[in-house]
Structures are given as C-alpha cells and as structure tokens.
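Visitor: Input structure: query26.tsv, which contains TSV, C-alpha atoms and all ligand atoms.
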```tsv
chain	number	residue	atom	x	y	z
A	1	MET	CA	0.00	0.00	0.00
A	2	HIS	CA	3.00	2.24	0.37
A	3	GLY	CA	3.10	5.00	-2.21
A	4	THR	CA	-0.60	4.75	-2.85
A	5	TYR	CA	-2.10	6.87	-0.13
A	6	ALA	CA	-0.54	10.10	0.65
A	7	ALA	CA	-1.06	11.20	3.84
A	8	ALA	CA	-4.20	12.53	4.81
A	9	CYS	CA	-4.60	15.62	6.89
A	10	GLU	CA	-6.19	17.08	3.79
A	11	ASP	CA	-9.81	17.86	3.58
A	12	ALA	CA	-12.31	17.02	0.99
A	13	VAL	CA	-14.12	20.27	0.33
A	14	VAL	CA	-13.65	21.34	-3.26
A	15	VAL	CA	-11.41	24.36	-3.77
A	16	ASP	CA	-13.48	27.32	-4.77
A	17	GLY	CA	-13.14	29.30	-7.95
A	18	ALA	CA	-13.22	33.04	-8.42
A	19	ALA	CA	-14.65	35.16	-5.67
A	20	GLU	CA	-18.16	36.36	-6.22
A	21	ALA	CA	-19.60	39.40	-4.57
A	22	SER	CA	-22.73	37.45	-3.64
A	23	ASP	CA	-20.76	34.64	-2.03
A	24	PRO	CA	-21.77	34.42	1.65
A	25	ARG	CA	-18.17	33.46	2.51
A	26	ALA	CA	-16.99	36.83	1.18
A	27	ALA	CA	-19.52	38.58	3.42
A	28	PHE	CA	-18.33	36.54	6.43
A	29	ARG	CA	-14.72	37.45	5.71
A	30	GLU	CA	-15.67	41.10	5.46
A	31	SER	CA	-17.43	40.99	8.82
A	32	VAL	CA	-14.51	39.25	10.58
A	33	LEU	CA	-12.03	41.77	9.11
A	34	ASP	CA	-14.32	44.71	9.95
A	35	ALA	CA	-14.50	43.47	13.54
A	36	GLY	CA	-10.68	43.52	13.65
A	37	LEU	CA	-10.50	39.82	14.60
A	38	LEU	CA	-8.25	39.06	11.63
A	39	LEU	CA	-6.21	41.58	9.63
A	40	ASP	CA	-5.77	41.44	5.88
A	41	ALA	CA	-2.22	40.41	4.89
A	42	GLY	CA	-2.69	41.34	1.23
A	43	VAL	CA	-3.16	37.84	-0.23
A	44	ASP	CA	-6.25	35.62	-0.15
A	45	GLY	CA	-5.83	33.02	2.56
A	46	LEU	CA	-3.18	34.86	4.58
A	47	TYR	CA	-4.20	36.78	7.69
A	48	LEU	CA	-2.66	38.48	10.67
A	49	ARG	CA	-4.32	37.50	13.93
A	50	SER	CA	-5.66	39.86	16.57
A	51	ASP	CA	-5.07	39.21	20.24
A	52	THR	CA	-8.75	38.33	20.66
A	53	PHE	CA	-8.56	35.71	17.89
A	54	GLU	CA	-5.39	34.33	19.43
A	55	ARG	CA	-6.81	34.09	22.95
A	56	VAL	CA	-9.69	32.02	21.58
A	57	ALA	CA	-7.22	29.85	19.65
A	58	ILE	CA	-5.20	29.24	22.83
A	59	GLY	CA	-8.41	28.28	24.62
A	60	VAL	CA	-9.35	25.88	21.84
A	61	ASP	CA	-5.91	24.26	22.04
A	62	ARG	CA	-6.35	23.86	25.79
A	63	VAL	CA	-9.72	22.12	25.37
A	64	ILE	CA	-8.29	19.81	22.69
A	65	ALA	CA	-5.26	18.95	24.85
A	66	ALA	CA	-7.47	18.14	27.82
A	67	ALA	CA	-9.49	15.73	25.68
A	68	GLY	CA	-6.38	13.63	25.06
A	69	ALA	CA	-4.54	14.00	28.35
A	70	ASP	CA	-5.62	10.56	29.66
A	71	LEU	CA	-3.80	8.93	26.70
A	72	GLN	CA	-0.52	10.41	27.96
A	73	PRO	CA	0.81	11.28	24.51
A	74	THR	CA	4.33	12.59	23.98
A	75	VAL	CA	3.77	16.29	23.26
A	76	VAL	CA	5.83	17.88	20.48
A	77	HIS	CA	5.80	21.34	18.86
A	78	PHE	CA	6.92	21.70	15.25
A	79	PRO	CA	7.89	24.77	13.20
A	80	LEU	CA	6.31	25.78	9.88
A	81	VAL	CA	9.20	24.27	7.92
A	82	MET	CA	10.76	20.82	7.71
A	83	ALA	CA	13.72	19.15	6.04
A	84	ARG	CA	13.26	18.48	2.34
A	85	ALA	CA	14.61	14.89	2.27
A	86	PRO	CA	11.91	13.35	4.50
A	87	PHE	CA	9.29	15.47	2.78
A	88	GLU	CA	10.31	13.90	-0.55
A	89	ARG	CA	10.10	10.43	0.99
A	90	SER	CA	6.63	11.11	2.44
A	91	GLY	CA	4.98	10.89	-0.99
A	92	TYR	CA	3.22	14.22	-0.61
A	93	LEU	CA	4.67	15.66	-3.80
A	94	ARG	CA	3.34	12.69	-5.76
A	95	SER	CA	-0.24	13.23	-4.65
A	96	PHE	CA	-0.57	16.96	-3.89
A	97	PRO	CA	1.96	18.85	-6.05
A	98	ASP	CA	-0.47	21.76	-6.38
A	99	LEU	CA	-0.56	22.38	-2.61
A	100	VAL	CA	3.17	22.34	-1.92
A	101	GLY	CA	5.40	25.27	-0.95
A	102	VAL	CA	9.19	25.11	-0.79
A	103	VAL	CA	11.88	27.44	0.54
A	104	GLU	CA	14.27	28.86	-2.05
A	105	VAL	CA	17.37	30.84	-1.10
A	106	PHE	CA	19.89	33.13	-2.75
A	107	ARG	CA	23.33	31.61	-3.22
A	108	GLY	CA	24.56	33.83	-6.06
A	109	ASP	CA	27.50	36.20	-6.44
A	110	ASP	CA	27.58	39.98	-6.88
A	111	ALA	CA	26.70	39.72	-10.56
A	112	THR	CA	23.64	37.60	-9.85
A	113	HIS	CA	22.63	39.98	-7.07
A	114	ALA	CA	22.84	42.90	-9.52
A	115	GLN	CA	20.69	40.94	-11.94
A	116	LEU	CA	18.18	40.25	-9.19
A	117	LEU	CA	17.97	43.92	-8.20
A	118	GLU	CA	17.56	44.98	-11.82
A	119	ARG	CA	14.60	42.65	-12.20
A	120	LEU	CA	13.17	43.69	-8.82
A	121	ASP	CA	13.28	47.37	-9.81
A	122	ALA	CA	11.71	46.58	-13.18
A	123	GLY	CA	8.92	44.57	-11.56
A	124	ARG	CA	9.99	41.41	-13.38
A	125	PRO	CA	10.09	37.86	-11.97
A	126	TRP	CA	13.30	37.11	-10.03
A	127	ALA	CA	12.64	33.82	-8.24
A	128	ASP	CA	14.51	31.74	-10.86
A	129	LEU	CA	17.72	33.38	-9.56
A	130	LEU	CA	17.16	31.59	-6.25
A	131	GLU	CA	18.00	27.96	-5.58
A	132	GLN	CA	16.16	25.12	-3.94
A	133	SER	CA	17.14	24.80	-0.27
A	134	ASP	CA	17.06	21.78	2.01
A	135	ILE	CA	13.86	23.08	3.62
A	136	VAL	CA	10.19	22.94	2.60
A	137	LEU	CA	7.02	24.25	4.21
A	138	CYS	CA	5.07	21.69	6.22
A	139	SER	CA	1.91	20.57	4.45
A	140	ALA	CA	0.57	18.75	7.49
A	141	ALA	CA	1.54	19.12	11.13
A	142	CYS	CA	2.43	15.46	11.60
A	143	HIS	CA	4.83	15.09	8.65
A	144	PRO	CA	8.03	15.91	10.60
A	145	LEU	CA	7.13	13.25	13.17
A	146	TYR	CA	7.58	10.05	11.14
A	147	PRO	CA	11.30	10.30	10.28
A	148	HIS	CA	11.85	10.97	13.98
A	149	CYS	CA	10.27	7.55	14.75
A	150	SER	CA	12.48	5.39	12.50
A	151	GLY	CA	13.42	2.11	14.19
A	152	THR	CA	11.54	-0.26	16.45
A	153	LEU	CA	8.59	1.00	18.48
A	154	PRO	CA	8.01	-0.03	22.11
A	155	PRO	CA	5.37	-2.74	22.67
A	156	GLY	CA	1.91	-1.24	22.17
A	157	GLY	CA	3.15	1.54	19.87
A	158	ARG	CA	3.39	5.24	20.57
A	159	ARG	CA	1.03	8.19	20.79
A	160	PHE	CA	1.99	11.78	20.11
A	161	GLU	CA	0.27	15.11	20.46
A	162	VAL	CA	1.56	17.50	17.78
A	163	TYR	CA	1.27	21.27	17.63
A	164	GLY	CA	2.26	22.45	14.17
A	165	SER	CA	1.84	25.03	11.45
A	166	CYS	CA	1.07	24.27	7.83
A	167	PHE	CA	1.18	25.93	4.42
A	168	ARG	CA	-0.99	24.99	1.47
A	169	ASN	CA	-1.10	26.76	-1.84
A	170	GLU	CA	-4.82	27.27	-2.14
A	171	PRO	CA	-5.71	30.98	-2.04
A	172	SER	CA	-9.41	31.43	-1.33
A	173	ILE	CA	-11.94	33.99	-0.22
A	174	ASP	CA	-13.06	31.39	2.30
A	175	LEU	CA	-11.61	32.29	5.71
A	176	ALA	CA	-11.79	28.60	6.58
A	177	ARG	CA	-9.32	27.83	3.80
A	178	MET	CA	-6.21	29.70	4.85
A	179	GLN	CA	-2.84	29.21	3.19
A	180	ALA	CA	-1.05	29.34	6.55
A	181	PHE	CA	-2.76	27.73	9.52
A	182	ARG	CA	-2.25	25.54	12.58
A	183	GLN	CA	-3.13	21.92	13.21
A	184	HIS	CA	-3.32	20.27	16.61
A	185	GLU	CA	-3.00	16.55	16.08
A	186	PHE	CA	-3.07	13.27	17.96
A	187	VAL	CA	-1.01	10.64	16.17
A	188	ALA	CA	-0.73	6.91	16.84
A	189	ILE	CA	2.04	4.72	15.40
A	190	GLY	CA	1.95	0.97	15.89
A	191	SER	CA	-0.11	-2.04	14.85
A	192	PRO	CA	-3.02	-1.82	12.38
A	193	THR	CA	-5.50	-2.50	15.21
A	194	PHE	CA	-3.99	0.09	17.55
A	195	THR	CA	-3.90	2.84	14.94
A	196	LYS	CA	-7.39	2.19	13.60
A	197	SER	CA	-8.89	2.19	17.08
A	198	HIS	CA	-7.03	5.47	17.79
A	199	ARG	CA	-8.63	7.00	14.70
A	200	ASP	CA	-12.12	5.68	15.49
A	201	GLU	CA	-11.92	6.71	19.14
A	202	TRP	CA	-10.91	10.23	18.18
A	203	VAL	CA	-13.95	10.64	15.93
A	204	GLU	CA	-16.00	10.41	19.14
A	205	ARG	CA	-13.59	12.50	21.21
A	206	GLY	CA	-13.49	15.15	18.47
A	207	LEU	CA	-17.27	15.39	18.37
A	208	GLY	CA	-17.20	15.77	22.16
A	209	VAL	CA	-14.61	18.56	22.05
A	210	LEU	CA	-16.67	20.51	19.54
A	211	ALA	CA	-20.02	19.87	21.28
A	212	SER	CA	-18.53	21.14	24.55
A	213	LEU	CA	-17.97	24.45	22.74
A	214	GLY	CA	-21.50	24.58	21.31
A	215	ILE	CA	-20.51	23.27	17.87
A	216	GLU	CA	-22.60	20.32	16.68
A	217	ALA	CA	-20.44	18.80	13.95
A	218	GLU	CA	-21.24	15.76	11.85
A	219	PRO	CA	-18.88	12.88	10.97
A	220	VAL	CA	-18.69	12.06	7.26
A	221	VAL	CA	-16.55	9.66	5.21
A	222	ALA	CA	-14.21	11.78	3.10
A	223	ASN	CA	-11.26	11.66	0.73
A	224	ASP	CA	-8.15	13.74	0.20
A	225	PRO	CA	-7.99	16.10	-2.81
A	226	PHE	CA	-5.47	13.96	-4.72
A	227	PHE	CA	-4.08	15.69	-7.80
A	228	GLY	CA	-4.88	14.77	-11.38
A	229	ARG	CA	-6.50	11.85	-13.15
A	230	ALA	CA	-4.73	9.19	-11.09
A	231	GLY	CA	-5.84	11.06	-7.99
A	232	ARG	CA	-9.48	10.32	-8.70
A	233	LEU	CA	-8.81	6.60	-8.36
A	234	LEU	CA	-6.93	7.14	-5.11
A	235	ALA	CA	-9.78	9.23	-3.75
A	236	ALA	CA	-12.36	6.58	-4.65
A	237	SER	CA	-10.29	3.83	-3.09
A	238	GLN	CA	-9.73	5.89	0.06
A	239	ARG	CA	-13.51	6.21	0.45
A	240	VAL	CA	-14.16	2.52	-0.18
A	241	GLU	CA	-11.66	1.60	2.53
A	242	VAL	CA	-13.06	4.33	4.85
A	243	LEU	CA	-9.59	5.64	5.63
A	244	LYS	CA	-10.74	9.19	6.32
A	245	TYR	CA	-13.48	10.79	8.38
A	246	GLU	CA	-14.10	14.47	8.67
A	247	LEU	CA	-16.11	16.25	11.34
A	248	VAL	CA	-17.87	18.87	9.27
A	249	TYR	CA	-19.79	21.98	10.27
A	250	THR	CA	-21.44	24.77	8.34
A	251	ILE	CA	-19.50	27.88	9.37
A	252	VAL	CA	-21.19	30.20	6.85
A	253	GLN	CA	-24.87	29.62	6.18
A	254	GLY	CA	-25.51	29.00	2.49
A	255	SER	CA	-22.06	27.55	1.82
A	256	ALA	CA	-20.64	24.03	1.95
A	257	PRO	CA	-19.75	22.53	5.35
A	258	THR	CA	-16.12	22.82	6.48
A	259	ALA	CA	-14.01	20.05	7.97
A	260	LEU	CA	-13.04	21.15	11.50
A	261	VAL	CA	-11.35	17.86	12.30
A	262	SER	CA	-9.96	15.14	10.03
A	263	ALA	CA	-9.35	11.59	11.26
A	264	ASN	CA	-7.09	9.52	9.06
A	265	CYS	CA	-5.73	6.01	8.77
A	266	HIS	CA	-2.47	6.13	6.79
A	267	LEU	CA	-1.93	2.35	6.77
A	268	ASP	CA	1.85	1.88	6.23
A	269	HIS	CA	2.23	5.02	4.13
A	270	PHE	CA	4.70	6.52	6.61
A	271	GLY	CA	5.88	3.38	8.39
A	272	ALA	CA	7.37	1.89	5.21
A	273	PRO	CA	9.46	4.79	3.84
A	274	PHE	CA	10.69	5.84	7.28
A	275	GLY	CA	11.57	2.33	8.48
A	276	ILE	CA	9.24	2.29	11.49
A	277	GLU	CA	8.59	-1.19	12.86
A	278	THR	CA	6.44	-2.63	15.60
A	279	ASP	CA	8.14	-4.64	18.35
A	280	ASP	CA	7.29	-7.87	16.49
A	281	GLY	CA	9.08	-6.67	13.35
A	282	ALA	CA	6.10	-5.66	11.18
A	283	ILE	CA	5.97	-2.37	9.27
A	284	ALA	CA	4.15	0.09	11.51
A	285	HIS	CA	0.86	1.68	10.59
A	286	SER	CA	-0.06	5.22	11.61
A	287	ALA	CA	-3.18	7.30	12.10
A	288	CYS	CA	-3.62	10.98	12.82
A	289	VAL	CA	-6.49	13.12	13.96
A	290	GLY	CA	-6.01	16.79	13.20
A	291	PHE	CA	-8.00	19.66	14.67
A	292	GLY	CA	-7.94	22.80	12.52
A	293	THR	CA	-7.31	25.49	15.12
A	294	GLU	CA	-8.26	28.51	12.99
A	295	ARG	CA	-11.31	26.73	11.59
A	296	ILE	CA	-12.61	25.96	15.06
A	297	VAL	CA	-12.12	29.60	16.11
A	298	LEU	CA	-14.04	30.69	13.01
A	299	ALA	CA	-16.81	28.20	13.79
A	300	LEU	CA	-17.03	29.67	17.31
A	301	LEU	CA	-17.23	33.23	15.94
A	302	ALA	CA	-19.89	32.23	13.41
A	303	THR	CA	-21.92	30.36	16.04
A	304	HIS	CA	-21.64	32.60	19.09
A	305	GLY	CA	-21.12	35.98	17.43
A	306	LEU	CA	-18.15	38.20	16.60
A	307	ASP	CA	-18.11	39.84	20.05
A	308	THR	CA	-16.43	37.29	22.30
A	309	ASP	CA	-17.38	39.33	25.40
A	310	LYS	CA	-21.00	38.36	24.69
A	311	TRP	CA	-20.39	34.63	24.47
A	312	SER	CA	-22.11	32.51	27.14
A	313	ASP	CA	-20.33	32.10	30.46
A	314	ALA	CA	-20.14	28.36	29.81
A	315	VAL	CA	-18.22	28.77	26.53
A	316	ARG	CA	-16.03	31.58	27.87
A	317	THR	CA	-15.12	29.60	30.97
A	318	ARG	CA	-14.35	26.48	28.96
A	319	LEU	CA	-11.99	28.51	26.76
A	320	GLY	CA	-10.43	30.28	29.74
A	321	LEU	CA	-11.50	33.72	28.43
A	401	ZN	ZN	-1.55	14.35	10.32
```
Can the structure from this file be put into structure tokens for me?
Guide:
Amino acid sequence: MHGTYAAACEDAVVVDGAAEASDPRAAFRESVLDAGLLLDAGVDGLYLRSDTFERVAIGVDRVIAAAGADLQPTVVHFPLVMARAPFERSGYLRSFPDLVGVVEVFRGDDATHAQLLERLDAGRPWADLLEQSDIVLCSAACHPLYPHCSGTLPPGGRRFEVYGSCFRNEPSIDLARMQAFRQHEFVAIGSPTFTKSHRDEWVERGLGVLASLGIEAEPVVANDPFFGRAGRLLAASQRVEVLKYELVYTIVQGSAPTALVSANCHLDHFGAPFGIETDDGAIAHSACVGFGTERIVLALLATHGLDTDKWSDAVRTRLGL
C-alpha cells in the first residue's frame, strides 16, 4: 500500500473558484475583518491575527489537549518548515503537487545579485535566480514526526500530540481555507489495530470537544484532494476503505460545510518509507487526527457571534476567556 495513499490531513471540500460578490463566505470574511479579529495580509488566505482571535485559539488548544490527556501522549511542537529529504520520501509531492510550498534561497555572487535587483526594480520575476534549499514548508503538522520515529517501536506503539503550522497553496476567499494555519493533532504509530482504534476513538472525542464548545459537527466519510486523473482513483479507493473521516460543520450559512477535524488512517504510508517497525518486526501503521485550530475559532465566531465578550459564560469559561 506504500506510495498509494498520501497522507491525509487534507480535507475534501472542493477548492473554490473566483470570488463572487454574492458569495456568503466573502460577506463573512468582510465581517470578521471589519470586527478587527483578523487583519488582511494582502493575499487571499493569509491573515494576521488579533489578540482576541489568538486568545480564543489558545483556549481551543487547551480544550483539545485536555481531551487527550488521559492517553498520555508525547507532546511535540513543530515549526512551519521541515527538512526536504523526509518530505520527498513522504509521498506528498506525488499526490498533492499543487498544494506544496518550498523554501528557495539566494546563493549567487555579486553579478547575480545585480541581476536580481535589476529585475526587482523593473517589476519582473526574479525567483529563478534563487536555488532550492534543504527546507520545505510543512503541508501537514504530523509530517516531521515520522522520520523521527524510524526504528523499532516499544510494545503497544506510541502516541503523540503534535502542535504544528502548515502551508498549502490554495488561495481562497473562504476564511476557513487559509494558506497558513495551525493543526493540533493526535497521532498513533503501531499495529493496524492500535492505529485504527485510535482514529475511530478520536472521531467520538473530536465530536465531544466541539459539542462542549457549542458546535454540533457531523462525521462524514471523506477523501483527500489527490491531484490529477490518477488522484481520482486514489480518492475513490480511500472512500471505499473508509480511511478518512471528517467532522464537518457549516460555518457560513448558504455555503458548503467545512471540515473542522480530520481523522485519518495512513496504513503503512509513513511506516514503510521511514523504516518504522512494531516490536514484532512488522511495518508500523499510523493514524492521525487533526483539529484545525483557525477553523474551530471561526466556527465559534460564526456560532456565538463576533463579540467574544458576549459569548455565554459556559463557553467563555471552557476557553479560559
Ligand atoms: Zn496528520
């Protein structure tokens, strides 16, 4: 199965086309920006966060962490970027080339620098004067974890809680589809039974986390947005095998539901390329459940109103506001 499924943490909602003035998502974005909760960064899908938005996000993270504390995961915090070599081995580029972002750097001499400045001043493209670096942007929060787990797992496998940032090249007027965002994940690595039960259990825990914040989400079988013609087969097969659930919620009335949480079985997609084995010598499976931090904050704002001071005491207390 290795090389077939790339690794989840995607969501199934179709990428939107051109913005339309009548689109309710555009109106929602306008209202959130007008309220000063997010600040326009000049590109669709990229926003600066207000302190109010961030306080809610911290509260959401706290509620999510509490929901998994009894599992005693190893907690790790990852940066927005990761090494290129393991990224290439992860298979992501094969299945989602359109979503990827890489870091390019300048390694030229004075003459190349002069050329770069000339183009910059003339408003012409200059990026081809840069070179590929050994770093890429993370596409999913859990990706840096698997190379770290190469070798033999302890009996029973391992659980991790991952705080990470992600980039995806999908500019949109939909605030729920940011290009830079955070994921808070719970990852299991071990036997097929252990990882599948982790995934299934977290569908229920995820619904509970959201319901405790007044968000009644719905679990649906989903597929990743695999690229191209071959991707359609992968997506169909992923659905048949029920490898992915999403907990979806309508943030903006009149628009498609948004995945707030995605719960994914990767099979041996990461275990095989990164040489992760169970204690009995089998290739390890993995599963991850990712909470979309910004999306949950947006769902809270849409549900309880843009003035967080007016949210119910129950929700405010739960978030530590
Ligand atoms: Zn993940």
Visitor: Kindly give the distance, in Å, that separates CA of Gly59 (chain A) and CA of Arg318 (chain A), rounded to a single decimal.
Guide: 7.6 Å
Visitor: Taking 6 positions as the minimum chain separation for residues in the same chain, which residues sit within 12 Å of region 48-57 of chain A when counting all atoms listed in the file? Answer as a VMD selection string.
Guide: chain A and resid 32 to 42 63 to 64 175 178 to 184 213 291 to 301 306 to 309 311 315 to 321
Visitor: Residues proximal to (10.4, 6.1, 1.5) were defined as those with any atom within 6 Å of that point in the file's coordinates, counting all atoms listed in the file. Which are they, as an mmCIF file with C-alpha atoms, keeping the file's coordinate frame?
Guide:
```
data_model
loop_
_atom_site.group_PDB
_atom_site.id
_atom_site.type_symbol
_atom_site.label_atom_id
_atom_site.label_comp_id
_atom_site.auth_asym_id
_atom_site.auth_seq_id
_atom_site.Cartn_x
_atom_site.Cartn_y
_atom_site.Cartn_z
ATOM 1 C CA ARG A 89 10.100 10.430 0.990
ATOM 2 C CA PRO A 273 9.460 4.790 3.840
ATOM 3 C CA PHE A 274 10.690 5.840 7.280
#
```
Visitor: Enumerate as number ranges by chain the residues within 10 Å of ligand ZN 401 (chain A), counting only C-alpha atoms and all ligand atoms.
Guide: A: 7-10, 139-145, 162, 164, 183-188, 262-266, 286-291
Visitor: Using Å and a single decimal, report how far CA of Gly68 (chain A) sits from CA of Arg158 (chain A).
Guide: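 That distance, rounded to one decimal, is 13.6 Å.
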Visitor: Could you tell me how far CA of Ala284 (chain A) lies from CA of Asp61 (chain A), in Å and to one decimal?
Guide: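 Calculated distance between CA of Ala284 (chain A) and CA of Asp61 (chain A) is 28.2 Å.
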Visitor: If you count all atoms listed in the file, which residues fall within 7 Å of region 70-73 of chain A, apart from same-chain ones fewer than 6 positions away, as a PyMOL selection string?
Guide: chain A and resi 159-161
Visitor: Find, counting all atoms listed in the file, the residue in A:Ala222, A:Cys149, A:Ile251, A:Ala236 that gets nearest to His285 (chain A).
Guide: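 Of A:Ala222, A:Cys149, A:Ile251, A:Ala236, the one nearest His285 (chain A), counting all atoms listed in the file, is A:Cys149.
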Visitor: Let me make sure I understand: among A:Gly231, A:Gly45, A:Gly254, A:Gly151, which one has the smallest atom-to-atom distance to Phe167 (chain A) if we use all atoms listed in the file?
Guide: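 Going through A:Gly231, A:Gly45, A:Gly254, A:Gly151 one by one, the smallest distance to Phe167 (chain A) is for A:Gly45.
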Visitor: Of the candidates A:Val136, A:Ile283, A:Leu153, A:Leu120, which one gets nearest to Phe87 (chain A) if we count only C-alpha atoms?
Guide: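 Using only C-alpha atoms, the shortest distance to Phe87 (chain A) belongs to A:Val136.
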